[in-house]
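**Student:** Dropping in work_7.csv, with CSV, C-alpha atoms.
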chain,number,residue,atom,x,y,z
M,15,MET,CA,-30.6,-15.8,123.4
M,16,THR,CA,-30.7,-18.7,120.9
M,17,MET,CA,-28.1,-21.4,120.7
M,18,ASN,CA,-26.6,-19.9,117.5
M,19,GLN,CA,-26.3,-16.5,119.1
M,20,SER,CA,-24.6,-18.0,122.1
M,21,ASP,CA,-22.2,-19.9,119.9
M,22,GLU,CA,-21.5,-16.7,117.9
M,23,ARG,CA,-20.6,-14.8,121.1
M,24,LYS,CA,-18.4,-17.7,122.3
M,25,ASP,CA,-16.7,-17.7,118.9
M,26,ASP,CA,-16.2,-13.9,119.2
M,27,LYS,CA,-14.5,-14.3,122.5
M,28,MET,CA,-12.1,-16.9,121.1
M,29,ASN,CA,-11.1,-14.7,118.3
M,30,ILE,CA,-10.3,-11.5,120.1
M,31,GLY,CA,-6.5,-11.8,120.3
M,32,LEU,CA,-6.4,-10.2,123.7
M,33,SER,CA,-5.9,-11.9,127.1
M,34,VAL,CA,-8.8,-12.0,129.5
M,35,SER,CA,-7.3,-9.2,131.6
M,36,GLN,CA,-6.5,-7.0,128.6
M,37,ARG,CA,-10.1,-7.5,127.3
M,38,ASP,CA,-11.6,-6.7,130.7
M,39,VAL,CA,-9.5,-3.5,131.0
M,40,LEU,CA,-10.5,-2.5,127.5
M,41,GLN,CA,-14.2,-3.0,128.0
M,42,THR,CA,-14.3,-1.4,131.4
M,43,ARG,CA,-12.4,1.6,130.2
M,44,LEU,CA,-14.6,1.9,127.1
M,45,ARG,CA,-17.7,1.9,129.1
M,46,GLU,CA,-16.3,4.5,131.5
M,47,LEU,CA,-15.8,7.0,128.7
M,48,ARG,CA,-18.0,9.9,129.4
M,49,ASP,CA,-20.9,10.9,127.1
M,50,THR,CA,-20.8,14.2,125.4
M,51,THR,CA,-23.8,16.5,125.6
M,52,PRO,CA,-24.9,17.9,122.2
M,53,PRO,CA,-25.4,21.6,121.7
M,54,ARG,CA,-28.8,22.9,122.8
M,55,GLU,CA,-29.8,24.1,119.4
M,56,VAL,CA,-29.9,20.6,118.0
M,57,TRP,CA,-33.3,20.0,119.6
M,58,GLN,CA,-34.6,23.3,118.2
M,59,LYS,CA,-33.5,22.2,114.7
M,60,ILE,CA,-35.2,18.8,115.2
M,61,GLU,CA,-38.4,20.5,116.5
M,62,ALA,CA,-38.4,22.9,113.6
M,63,GLN,CA,-38.0,20.1,111.1
M,64,ALA,CA,-40.6,17.9,112.7
M,65,ARG,CA,-43.1,20.8,112.7
M,66,ALA,CA,-42.3,21.7,109.1
M,67,GLU,CA,-42.9,18.1,108.1
M,68,GLY,CA,-46.1,18.0,110.2
M,69,LEU,CA,-44.7,15.2,112.4
M,70,PHE,CA,-46.0,16.7,115.6
M,71,GLN,CA,-49.1,18.7,114.7
M,72,ALA,CA,-50.5,16.5,111.9
M,73,ARG,CA,-51.1,13.4,114.1
M,74,TYR,CA,-52.0,15.4,117.2
M,75,PHE,CA,-54.5,17.8,115.5
M,76,GLU,CA,-56.0,14.8,113.7
M,77,THR,CA,-56.8,13.3,117.0
M,78,VAL,CA,-58.0,16.5,118.5
M,79,LYS,CA,-60.2,17.2,115.5
M,80,TRP,CA,-61.6,13.7,115.6
M,81,LEU,CA,-62.3,13.9,119.3
M,82,ALA,CA,-63.7,17.4,118.8
M,83,GLY,CA,-66.1,16.2,116.1
M,84,THR,CA,-67.3,13.2,118.1
M,85,GLY,CA,-67.4,15.4,121.2
M,86,ILE,CA,-69.7,17.8,119.5
M,87,ALA,CA,-71.9,15.0,118.2
M,88,ALA,CA,-72.2,13.4,121.7
M,89,ALA,CA,-72.9,16.7,123.4
M,90,VAL,CA,-75.5,17.7,120.8
M,91,VAL,CA,-77.3,14.4,121.3
M,92,LEU,CA,-77.3,14.9,125.1
M,93,ALA,CA,-78.4,18.5,124.8
M,94,VAL,CA,-81.2,17.9,122.2
M,95,LEU,CA,-82.6,14.8,123.7
M,96,ASN,CA,-82.0,16.1,127.2
M,97,ILE,CA,-81.2,12.5,128.3
M,98,PRO,CA,-81.5,12.1,132.1
M,99,VAL,CA,-78.1,10.7,132.9
M,100,THR,CA,-75.9,10.9,136.0
M,101,PRO,CA,-72.2,11.9,135.9
M,102,MET,CA,-71.2,9.0,138.2
M,103,ILE,CA,-68.5,6.6,137.0
M,104,ASP,CA,-67.5,3.3,138.5
M,105,GLY,CA,-69.6,3.1,141.6
M,106,GLY,CA,-70.5,6.7,141.9
M,107,GLN,CA,-67.0,8.2,141.9
M,108,ARG,CA,-67.0,11.5,140.1
M,109,GLU,CA,-63.7,11.5,138.2
M,110,PHE,CA,-62.9,15.0,137.1
M,111,SER,CA,-59.5,16.5,136.7
M,112,GLY,CA,-59.0,20.2,136.0
M,113,THR,CA,-62.7,20.8,136.3
M,114,PRO,CA,-63.7,24.4,135.7
M,115,SER,CA,-64.9,26.3,138.7
M,116,ILE,CA,-68.7,26.5,139.4
M,117,ALA,CA,-68.4,30.3,139.1
M,118,GLU,CA,-67.9,29.9,135.4
M,119,VAL,CA,-71.2,28.2,134.9
M,120,ASP,CA,-73.6,30.7,136.5
M,121,ASN,CA,-75.5,31.2,133.3
M,122,SER,CA,-76.1,27.5,132.6
M,123,GLY,CA,-78.9,26.3,130.3
M,124,PRO,CA,-79.5,24.7,126.9
M,125,ALA,CA,-79.2,28.0,125.1
M,126,ASN,CA,-75.8,28.6,126.6
M,127,LEU,CA,-74.6,25.1,125.7
M,128,ASN,CA,-75.6,25.7,122.0
M,129,ALA,CA,-73.9,29.1,122.1
M,130,LEU,CA,-70.7,27.6,123.5
M,131,MET,CA,-70.7,24.9,120.8
M,132,VAL,CA,-71.2,27.5,118.0
M,133,ARG,CA,-68.5,29.6,119.5
M,134,SER,CA,-66.1,26.6,119.7
M,135,GLN,CA,-66.7,25.8,116.1
M,136,GLN,CA,-66.1,29.4,115.1
M,137,ILE,CA,-62.8,29.4,116.9
M,138,GLU,CA,-61.8,26.2,115.2
M,139,ARG,CA,-62.6,27.8,111.8
M,140,ASP,CA,-60.5,30.8,112.8
M,141,LEU,CA,-57.6,28.6,113.9
M,142,ARG,CA,-57.7,26.7,110.6
M,143,ALA,CA,-57.7,29.9,108.7
M,144,LEU,CA,-54.4,31.0,110.3
M,145,PRO,CA,-51.2,30.2,108.4
M,146,GLY,CA,-49.1,27.2,109.5
M,147,GLN,CA,-46.7,27.5,112.4
M,148,PRO,CA,-43.4,29.1,111.6
M,149,ARG,CA,-40.3,26.8,111.2
M,150,MET,CA,-38.6,28.4,114.2
M,151,VAL,CA,-40.8,28.7,117.3
M,152,ARG,CA,-39.8,30.0,120.7
M,153,ALA,CA,-39.5,27.1,123.1
M,154,SER,CA,-41.8,28.8,125.6
M,155,THR,CA,-44.5,29.4,123.0
M,156,ALA,CA,-44.3,25.9,121.7
M,157,ALA,CA,-44.6,24.5,125.2
M,158,THR,CA,-47.7,26.6,125.9
M,159,ILE,CA,-49.3,25.6,122.6
M,160,VAL,CA,-48.7,21.9,123.3
M,161,HIS,CA,-50.0,22.4,126.9
M,162,LEU,CA,-53.2,24.0,125.6
M,163,GLU,CA,-53.7,21.3,123.0
M,164,ASP,CA,-53.2,18.7,125.7
M,165,GLN,CA,-55.9,20.2,127.8
M,166,ILE,CA,-58.3,20.6,124.9
M,167,ALA,CA,-57.7,17.0,123.9
M,168,ALA,CA,-58.4,15.9,127.5
M,169,ILE,CA,-61.7,17.8,127.5
M,170,ASP,CA,-62.7,16.4,124.2
M,171,TYR,CA,-62.0,12.9,125.6
M,172,ARG,CA,-64.4,13.6,128.5
M,173,LEU,CA,-67.1,14.9,126.1
M,174,ASN,CA,-66.7,12.0,123.8
M,175,HIS,CA,-66.1,8.9,125.9
M,176,PRO,CA,-69.2,6.9,126.7
M,177,ALA,CA,-68.0,6.1,130.2
M,178,TYR,CA,-68.3,9.8,131.1
M,179,ARG,CA,-72.1,10.2,130.8
M,180,LEU,CA,-72.3,13.9,131.3
M,181,THR,CA,-75.5,15.8,132.2
M,182,PRO,CA,-76.2,18.9,130.1
M,183,VAL,CA,-74.9,20.9,133.1
M,184,ASP,CA,-71.6,19.0,133.2
M,185,ALA,CA,-71.4,19.2,129.4
M,186,GLU,CA,-71.7,22.9,129.6
M,187,ILE,CA,-68.9,23.2,132.2
M,188,TYR,CA,-66.6,21.3,129.8
M,189,TRP,CA,-67.7,23.3,126.7
M,190,ARG,CA,-67.2,26.5,128.5
M,191,GLU,CA,-63.6,25.5,129.5
M,192,ARG,CA,-63.1,24.2,125.9
M,193,VAL,CA,-64.0,27.6,124.5
M,194,ARG,CA,-61.7,29.4,127.0
M,195,LEU,CA,-58.8,27.2,126.1
M,196,MET,CA,-59.5,27.5,122.4
M,197,ASN,CA,-59.6,31.3,122.8
M,198,SER,CA,-56.2,31.2,124.4
M,199,LEU,CA,-54.8,29.0,121.7
M,200,LEU,CA,-56.3,31.3,119.0
M,201,ASN,CA,-54.8,34.4,120.7
M,202,LEU,CA,-51.4,32.7,120.9
M,203,ARG,CA,-51.5,31.5,117.3
M,204,THR,CA,-52.7,34.9,116.0
M,205,ALA,CA,-49.8,36.6,117.8
M,206,GLN,CA,-47.4,34.1,116.3
M,207,ALA,CA,-48.9,34.7,112.8
M,208,GLN,CA,-48.5,38.5,113.3
M,209,ARG,CA,-44.8,38.0,114.3
M,210,MET,CA,-44.3,36.0,111.1
M,211,ALA,CA,-45.8,38.7,109.0
M,212,PHE,CA,-43.2,41.3,110.2
J,6,MET,CA,-24.1,-3.0,126.5
J,7,SER,CA,-23.8,0.8,126.4
J,8,LYS,CA,-25.7,3.4,128.4
J,9,PHE,CA,-28.7,3.1,126.1
J,10,THR,CA,-30.1,0.2,128.0
J,11,ASP,CA,-29.7,1.9,131.4
J,12,ILE,CA,-32.2,4.7,130.5
J,13,GLN,CA,-35.8,3.9,131.3
J,14,ILE,CA,-38.7,5.9,129.9
J,15,ASP,CA,-42.2,5.8,131.3
J,16,PRO,CA,-44.4,3.8,128.8
J,17,ALA,CA,-47.0,6.6,129.1
J,18,ILE,CA,-44.5,9.1,127.7
J,19,VAL,CA,-43.7,6.7,124.8
J,20,LYS,CA,-47.5,6.4,124.1
J,21,ARG,CA,-47.8,10.2,124.1
J,22,ALA,CA,-44.8,10.5,121.7
J,23,ALA,CA,-46.5,7.9,119.4
J,24,ARG,CA,-49.5,10.3,119.2
J,25,GLY,CA,-47.2,13.0,118.0
J,26,ASP,CA,-46.9,14.9,121.4
J,27,ALA,CA,-43.9,17.3,121.1
J,28,LYS,CA,-43.4,17.5,124.8
J,29,ALA,CA,-43.1,13.7,125.1
J,30,HIS,CA,-40.6,13.7,122.3
J,31,GLU,CA,-38.5,16.3,123.9
J,32,ILE,CA,-38.4,14.2,127.1
J,33,ILE,CA,-37.2,11.2,125.2
J,34,TYR,CA,-34.7,13.3,123.2
J,35,ARG,CA,-33.3,14.8,126.5
J,36,ALA,CA,-32.8,11.3,127.9
J,37,PHE,CA,-31.1,9.8,124.8
J,38,SER,CA,-29.4,12.8,123.1
J,39,ALA,CA,-26.0,12.4,124.9
J,40,PRO,CA,-25.5,8.6,124.2
J,41,VAL,CA,-26.7,9.1,120.6
J,42,TYR,CA,-24.4,12.1,120.1
J,43,SER,CA,-21.5,10.4,121.8
J,44,VAL,CA,-21.7,7.3,119.5
J,45,CYS,CA,-22.0,9.5,116.4
J,46,LEU,CA,-19.1,11.6,117.6
J,47,ARG,CA,-16.9,8.5,118.3
J,48,PHE,CA,-17.7,7.2,114.8
J,49,THR,CA,-17.1,10.4,112.9
J,50,ARG,CA,-14.9,12.6,115.2
J,51,VAL,CA,-16.5,15.7,113.7
J,52,PRO,CA,-19.0,17.5,116.0
J,53,ALA,CA,-20.9,19.0,113.1
J,54,GLN,CA,-21.4,15.6,111.5
J,55,ALA,CA,-22.4,14.1,114.8
J,56,GLU,CA,-25.0,16.8,115.3
J,57,ASP,CA,-26.4,16.1,111.8
J,58,LEU,CA,-26.5,12.4,112.6
J,59,LEU,CA,-28.2,13.1,116.0
J,60,GLN,CA,-30.8,15.2,114.1
J,61,ASP,CA,-31.4,12.5,111.5
J,62,THR,CA,-31.7,9.8,114.2
J,63,TYR,CA,-34.2,11.7,116.2
J,64,ILE,CA,-36.3,12.7,113.2
J,65,GLU,CA,-36.4,8.9,112.4
J,66,VAL,CA,-37.5,8.2,116.0
J,67,ILE,CA,-40.3,10.8,115.6
J,68,ARG,CA,-41.4,9.3,112.3
J,69,SER,CA,-41.3,5.6,113.4
J,70,ILE,CA,-42.2,5.6,117.1
J,71,SER,CA,-45.8,4.8,116.4
J,72,GLY,CA,-44.6,1.5,115.1
J,73,PHE,CA,-42.5,0.8,118.2
J,74,ARG,CA,-44.1,-2.2,119.9
J,75,GLY,CA,-42.1,-2.2,123.1
J,76,GLU,CA,-40.8,-5.7,122.7
J,77,ALA,CA,-37.2,-4.5,123.3
J,78,PRO,CA,-36.2,-1.5,125.5
J,79,LEU,CA,-36.7,1.9,123.8
J,80,GLY,CA,-33.0,2.5,124.2
J,81,MET,CA,-32.1,-0.5,122.1
J,82,TRP,CA,-34.4,0.6,119.4
J,83,ILE,CA,-33.0,4.1,119.4
J,84,ARG,CA,-29.5,2.7,119.4
J,85,ARG,CA,-30.2,0.6,116.4
J,86,ILE,CA,-31.4,3.7,114.5
J,87,ALA,CA,-28.4,5.8,115.6
J,88,ILE,CA,-25.9,3.1,114.6
J,89,SER,CA,-27.6,2.5,111.3
J,90,LYS,CA,-27.6,6.2,110.5
J,91,ALA,CA,-24.0,6.7,111.5
J,92,LEU,CA,-22.8,3.6,109.4
J,93,MET,CA,-24.9,4.8,106.4
J,94,PHE,CA,-23.2,8.2,106.7
J,95,LEU,CA,-19.7,6.6,107.0
J,96,ARG,CA,-20.3,4.2,104.1
J,97,SER,CA,-21.4,7.2,101.9
J,98,ALA,CA,-18.3,9.2,103.0
J,99,TRP,CA,-16.0,6.3,102.3
J,100,HIS,CA,-17.7,5.8,98.9
J,101,SER,CA,-17.5,9.5,98.0
J,102,ARG,CA,-13.7,9.5,98.9
J,103,GLY,CA,-13.3,6.4,96.7
J,104,GLN,CA,-11.9,4.6,99.7
J,105,SER,CA,-12.2,0.9,99.9
J,106,LEU,CA,-13.2,-0.5,103.3
J,107,ASP,CA,-10.1,-2.7,103.2
J,108,ASP,CA,-7.4,-0.2,102.8
J,109,ASP,CA,-8.1,1.9,105.9
J,110,TRP,CA,-4.9,0.7,107.6
J,111,GLU,CA,-2.8,1.4,104.6
J,112,GLU,CA,-3.4,5.1,105.0
J,113,MET,CA,-1.7,5.2,108.3
J,114,THR,CA,1.7,6.8,108.5
J,115,PHE,CA,4.8,5.0,109.8
J,116,GLU,CA,4.9,7.2,112.8
J,117,SER,CA,1.4,6.4,113.8
J,118,ARG,CA,2.1,2.7,113.5
J,119,ALA,CA,5.2,3.0,115.8
J,120,SER,CA,4.9,1.3,119.1
J,121,PRO,CA,4.9,3.7,122.0
J,122,THR,CA,7.9,3.9,124.4
J,123,HIS,CA,7.4,2.6,127.9
J,124,SER,CA,7.5,6.2,129.3
J,125,ALA,CA,4.6,7.1,127.1
J,126,ARG,CA,2.6,4.1,128.1
J,127,GLN,CA,1.5,5.6,131.5
J,128,ASP,CA,0.0,8.6,129.8
J,129,GLN,CA,-1.7,6.5,127.2
J,130,ALA,CA,-3.2,4.3,129.8
J,131,MET,CA,-5.2,7.3,131.0
J,132,ASP,CA,-6.5,8.3,127.6
J,133,LEU,CA,-8.3,5.5,125.9
J,134,ASP,CA,-10.5,8.1,124.0
J,135,ALA,CA,-7.4,9.5,122.4
J,136,ALA,CA,-6.1,5.9,121.6
J,137,LEU,CA,-9.5,5.2,120.0
J,138,ALA,CA,-9.3,8.4,118.0
J,139,SER,CA,-5.9,7.4,116.6
J,140,LEU,CA,-7.3,4.2,115.1
J,141,PRO,CA,-8.5,4.2,111.5
J,142,GLU,CA,-12.2,5.1,111.2
J,143,ILE,CA,-13.4,1.6,110.3
J,144,SER,CA,-11.5,-0.2,113.1
J,145,ARG,CA,-12.7,2.4,115.6
J,146,VAL,CA,-16.2,1.6,114.6
J,147,VAL,CA,-15.7,-2.1,114.8
J,148,VAL,CA,-14.1,-1.9,118.3
J,149,TRP,CA,-17.0,0.2,119.5
J,150,LEU,CA,-19.6,-2.1,118.1
J,151,HIS,CA,-17.9,-5.2,119.4
J,152,ASP,CA,-16.7,-4.1,122.8
J,153,VAL,CA,-19.3,-1.5,123.9
J,154,GLU,CA,-22.5,-2.3,122.0
J,155,GLY,CA,-21.9,-6.1,122.2
J,156,PHE,CA,-22.4,-6.8,118.5
J,157,THR,CA,-21.1,-10.2,117.2
J,158,HIS,CA,-18.8,-10.3,114.2
J,159,LYS,CA,-21.8,-11.5,112.2
J,160,GLU,CA,-23.9,-8.5,113.2
J,161,ILE,CA,-21.0,-6.1,112.5
J,162,ALA,CA,-20.5,-7.7,109.1
J,163,GLU,CA,-24.2,-7.3,108.3
J,164,GLN,CA,-24.2,-3.6,109.4
J,165,MET,CA,-21.1,-2.9,107.3
J,166,GLY,CA,-22.0,-5.0,104.3
J,167,LYS,CA,-18.8,-7.0,104.7
J,168,THR,CA,-17.8,-10.5,105.8
J,169,GLU,CA,-17.2,-11.8,109.4
J,170,SER,CA,-13.5,-12.2,108.5
J,171,PHE,CA,-13.3,-8.6,107.7
J,172,SER,CA,-14.7,-7.7,111.1
J,173,LYS,CA,-12.3,-10.0,112.9
J,174,SER,CA,-9.3,-8.7,111.0
J,175,GLN,CA,-10.2,-5.1,111.7
J,176,LEU,CA,-10.7,-5.9,115.4
J,177,SER,CA,-7.4,-7.9,115.6
J,178,ARG,CA,-5.4,-5.0,114.1
J,179,ALA,CA,-7.1,-2.5,116.4
J,180,TYR,CA,-6.2,-4.7,119.4
J,181,GLN,CA,-2.6,-4.9,118.3
J,182,ARG,CA,-2.5,-1.1,118.4
J,183,LEU,CA,-4.3,-0.8,121.8
J,184,ARG,CA,-2.4,-3.7,123.5
J,185,PRO,CA,0.6,-1.6,124.8
J,186,MET,CA,-1.8,0.8,126.3
J,187,LEU,CA,-3.8,-2.0,127.9
J,188,ASP,CA,-0.6,-3.6,129.3
J,189,ALA,CA,0.5,-0.3,130.7
J,190,GLU,CA,-2.9,0.0,132.4
J,191,ILE,CA,-2.6,-3.6,133.9
J,192,GLU,CA,1.0,-2.9,135.0
J,193,HIS,CA,-0.1,0.3,136.7
J,194,ALA,CA,-3.0,-1.5,138.5
J,195,ASP,CA,-0.7,-4.3,139.6
J,196,ALA,CA,2.0,-1.9,140.9
J,197,LYS,CA,-0.7,0.0,142.8
J,198,SER,CA,-2.2,-3.1,144.4
J,199,GLY,CA,1.4,-4.3,145.3
J,200,MET,CA,2.1,-1.1,147.0
J,201,GLN,CA,-1.1,-1.2,149.0
J,202,GLU,CA,-0.3,-4.8,150.1
J,203,SER,CA,3.2,-3.8,151.3
J,204,VAL,CA,1.8,-0.8,153.2
J,205,LEU,CA,-0.8,-3.1,154.8
J,206,GLY,CA,1.9,-5.7,155.6
J,207,SER,CA,4.1,-3.1,157.3
J,208,CYS,CA,1.2,-2.0,159.6
Kindly return the structure encoded in the file as structure tokens.
**Tutor:**
Amino acid sequence: MTMNQSDERKDDKMNIGLSVSQRDVLQTRLRELRDTTPPREVWQKIEAQARAEGLFQARYFETVKWLAGTGIAAAVVLAVLNIPVTPMIDGGQREFSGTPSIAEVDNSGPANLNALMVRSQQIERDLRALPGQPRMVRASTAATIVHLEDQIAAIDYRLNHPAYRLTPVDAEIYWRERVRLMNSLLNLRTAQAQRMAF
Amino acid sequence: MSKFTDIQIDPAIVKRAARGDAKAHEIIYRAFSAPVYSVCLRFTRVPAQAEDLLQDTYIEVIRSISGFRGEAPLGMWIRRIAISKALMFLRSAWHSRGQSLDDDWEEMTFESRASPTHSARQDQAMDLDAALASLPEISRVVVWLHDVEGFTHKEIAEQMGKTESFSKSQLSRAYQRLRPMLDAEIEHADAKSGMQESVLGSC
């Protein structure tokens, strides 16, 4: 607090017109007043308005798209050049979270990786072709969509970030998971678009 | 300071919100919705208007949070937006009613100015919210900003587009109105502690 602000506060206290005890009682009682909880639907209105104005999706999808684009580029370089790199980070600690199971990568190989990238691009095109999200969205649907988008963004980060030097096999694990999540997102958004049509 | 400063939000959640993450925004909203709504409700006294102001405030939070630098607590930042929105709304309402900021007290009836009887004081002591509600709108806002949010007269004057003298005069008139209730509260507390002392003395 500056000297001026301190003087202003002192000046305020001198001009209150209440005794110290009256002022103490007033301030104590005012602060004890209970807060009122707003009706639940206020958040739904805020969420609907924010989505309609693109305040949630715009920034988030921009990030996802950017990461997806650079992720594709990085993975293509790895796959085409077949660079012999290790997935070790910071002294050899493999740092995966939500890693897809090994059972999902039985058919690994460069052809598969390319197919997964093509499939991923195709789903992105399909998603872009869908109409925008409705103004009113069920809370559970919105939460699931956000969760899927979070997971996709996390995978794109792994595919893109230079610290995560993925082998083609690791890249394929992530691309497979990406396709699975994108598929789920597409199904959800398609169902949403169908509900809007009725 | 009000409850805004008591609420702590994980910086990681704030960062996610700045990226446009809806879930992070919902977490922040759930944490601050009651204090924001309560301030708006105390200013306007109309739940529907307070809900609109809460919505406006939070939409502004979503729009601007990417510019929030974390130099002050998030709660202070949200509080500033909420108060600014509420005052903007009140100024516009006063303007549309053709009401001057200075004549607020003139609208009060004789009955509402009358000093309460002693018997009524005990009840009043327990209901500060009702006493606040009985104040003219502008004075109520000034009392809240001064005694709960800790604003100086200079800050109040800036927020309301008036002079410091205006703020002081509104506060002084509001205090005159609240003083009997505060005295009753003090008398009540003194009597209670006197009784406790006499009980202890007889033991």
**Student:** Residues at most 10 Å from Ile32 of chain J, counting only C-alpha atoms, excluding those fewer than 6 positions away in the same chain, as an MDAnalysis selection string?
**Tutor:** chainID J and resid 14 18:19 22 38
**Student:** Here is a test: counting all atoms listed in the file, which residue of M:Gln136, M:Ser35, M:Gln58, M:Ser154 is nearest to Glu192 of chain J?
**Tutor:** M:Ser35
**Student:** Work out how far apart atom CA of Pro52 of chain M and atom CA of Asp61 of chain J are and give it in Å to one decimal.
**Tutor:**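 Value for the atom CA of Pro52 of chain M-atom CA of Asp61 of chain J distance: 13.6 Å.
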**Student:** Which is closer to chain J than all the others in M:Met131, M:Glu191, M:Leu202, M:Ala156, using all atoms listed in the file?
**Tutor:** M:Ala156
**Student:** Nearest to chain J among M:Ile166, M:Ala143, M:Ala62, M:Ala157, with distances taken over all atoms listed in the file: which residue is it?
**Tutor:** M:Ala157
**Student:** Residues of chain J within 9 Å of chain M, counting all atoms listed in the file, what are they? List them as a ChimeraX atom specification.
**Tutor:** /J:6-8,22-28,31,34-35,38-44,46,52,55-57,59-61,63-64,67-68,133-134,149,151-153,155-159,173,176-177,180-181,183-184,187-188,190-191
**Student:** Could you please determine the separation between atom CA of Ile86 of chain J and atom CA of Gly72 of chain J in Å, to one decimal place?
**Tutor:**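 Interatomic distance, atom CA of Ile86 of chain J to atom CA of Gly72 of chain J: 13.4 Å.
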**Student:** Just give me the residues with any atom within 12 Å of (-40.9, -2.3, 125.6), file coordinates, counting all atoms listed in the file, written as a PyMOL selection string.
**Tutor:** chain J and resi 10+13-17+19-20+70+72-83
**Student:** Just how far from atom CA of Gln135 of chain M is atom CA of Val193 of chain M, in Å to one decimal?
**Tutor:**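 These two atoms are separated by 9.0 Å.
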**Student:** Excluding Leu199 of chain M and any residue of its chain fewer than 6 positions from it, enumerate the residues within 9 Å of it, using only C-alpha atoms, and give them as a PyMOL selection string.
**Tutor:** chain M and resi 141+158-159+162-163
**Student:** Nearest to Val51 of chain J: which of J:Glu169, J:Glu65, J:Glu142, J:Glu160 is it, counting only C-alpha atoms?
**Tutor:**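 Nearest to Val51 of chain J: J:Glu142.
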**Student:** Between M:Ala168, M:Val183, M:Leu144, M:Leu200, which has the minimum distance to Asn126 of chain M (counting only C-alpha atoms)?
**Tutor:**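 That would be M:Val183, the residue with the smallest distance to Asn126 of chain M.
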**Student:** Taking all atoms of segment 34-43 of chain J that appear in the file, build a box with edges along x, y and z, extend it by 6 Å on every side, and state its centre and edge lengths in Å to one decimal, as lines of an AutoDock Vina configuration file.
**Tutor:**
center_x = -28.1
center_y = 11.7
center_z = 124.0
size_x = 25.2
size_y = 18.2
size_z = 19.8
**Student:** If I only have part of segment 66-79 of chain J, can you fill in N, CA and C atoms and write it as an mmCIF file, in the frame of the given file?
**Tutor:**
data_model
loop_
_atom_site.group_PDB
_atom_site.id
_atom_site.type_symbol
_atom_site.label_atom_id
_atom_site.label_comp_id
_atom_site.auth_asym_id
_atom_site.auth_seq_id
_atom_site.Cartn_x
_atom_site.Cartn_y
_atom_site.Cartn_z
ATOM 1 N N VAL J 66 -36.754 8.686 114.757
ATOM 2 C CA VAL J 66 -37.500 8.200 116.000
ATOM 3 C C VAL J 66 -38.895 8.809 115.937
ATOM 4 N N ILE J 67 -39.014 10.103 115.637
ATOM 5 C CA ILE J 67 -40.300 10.800 115.600
ATOM 6 C C ILE J 67 -41.221 10.105 114.549
ATOM 7 N N ARG J 68 -40.619 9.862 113.385
ATOM 8 C CA ARG J 68 -41.400 9.300 112.300
ATOM 9 C C ARG J 68 -41.879 7.860 112.610
ATOM 10 N N SER J 69 -41.032 7.093 113.301
ATOM 11 C CA SER J 69 -41.300 5.600 113.400
ATOM 12 C C SER J 69 -41.823 5.205 114.778
ATOM 13 N N ILE J 70 -41.884 6.105 115.740
ATOM 14 C CA ILE J 70 -42.200 5.600 117.100
ATOM 15 C C ILE J 70 -43.597 5.028 117.207
ATOM 16 N N SER J 71 -44.497 5.422 116.312
ATOM 17 C CA SER J 71 -45.800 4.800 116.400
ATOM 18 C C SER J 71 -45.782 3.327 116.055
ATOM 19 N N GLY J 72 -44.698 2.896 115.383
ATOM 20 C CA GLY J 72 -44.600 1.500 115.100
ATOM 21 C C GLY J 72 -43.742 0.733 116.125
ATOM 22 N N PHE J 73 -43.267 1.448 117.147
ATOM 23 C CA PHE J 73 -42.500 0.800 118.200
ATOM 24 C C PHE J 73 -43.412 -0.015 119.091
ATOM 25 N N ARG J 74 -43.153 -1.317 119.186
ATOM 26 C CA ARG J 74 -44.100 -2.200 119.900
ATOM 27 C C ARG J 74 -43.668 -2.455 121.355
ATOM 28 N N GLY J 75 -42.502 -1.991 121.736
ATOM 29 C CA GLY J 75 -42.100 -2.200 123.100
ATOM 30 C C GLY J 75 -41.563 -3.551 123.439
ATOM 31 N N GLU J 76 -41.277 -4.357 122.408
ATOM 32 C CA GLU J 76 -40.800 -5.700 122.700
ATOM 33 C C GLU J 76 -39.351 -5.685 123.218
ATOM 34 N N ALA J 77 -38.563 -4.726 122.742
ATOM 35 C CA ALA J 77 -37.200 -4.500 123.300
ATOM 36 C C ALA J 77 -37.240 -3.140 123.976
ATOM 37 N N PRO J 78 -36.259 -2.862 124.849
ATOM 38 C CA PRO J 78 -36.200 -1.500 125.500
ATOM 39 C C PRO J 78 -36.131 -0.420 124.419
ATOM 40 N N LEU J 79 -36.730 0.723 124.749
ATOM 41 C CA LEU J 79 -36.700 1.900 123.800
ATOM 42 C C LEU J 79 -35.273 2.231 123.436
#
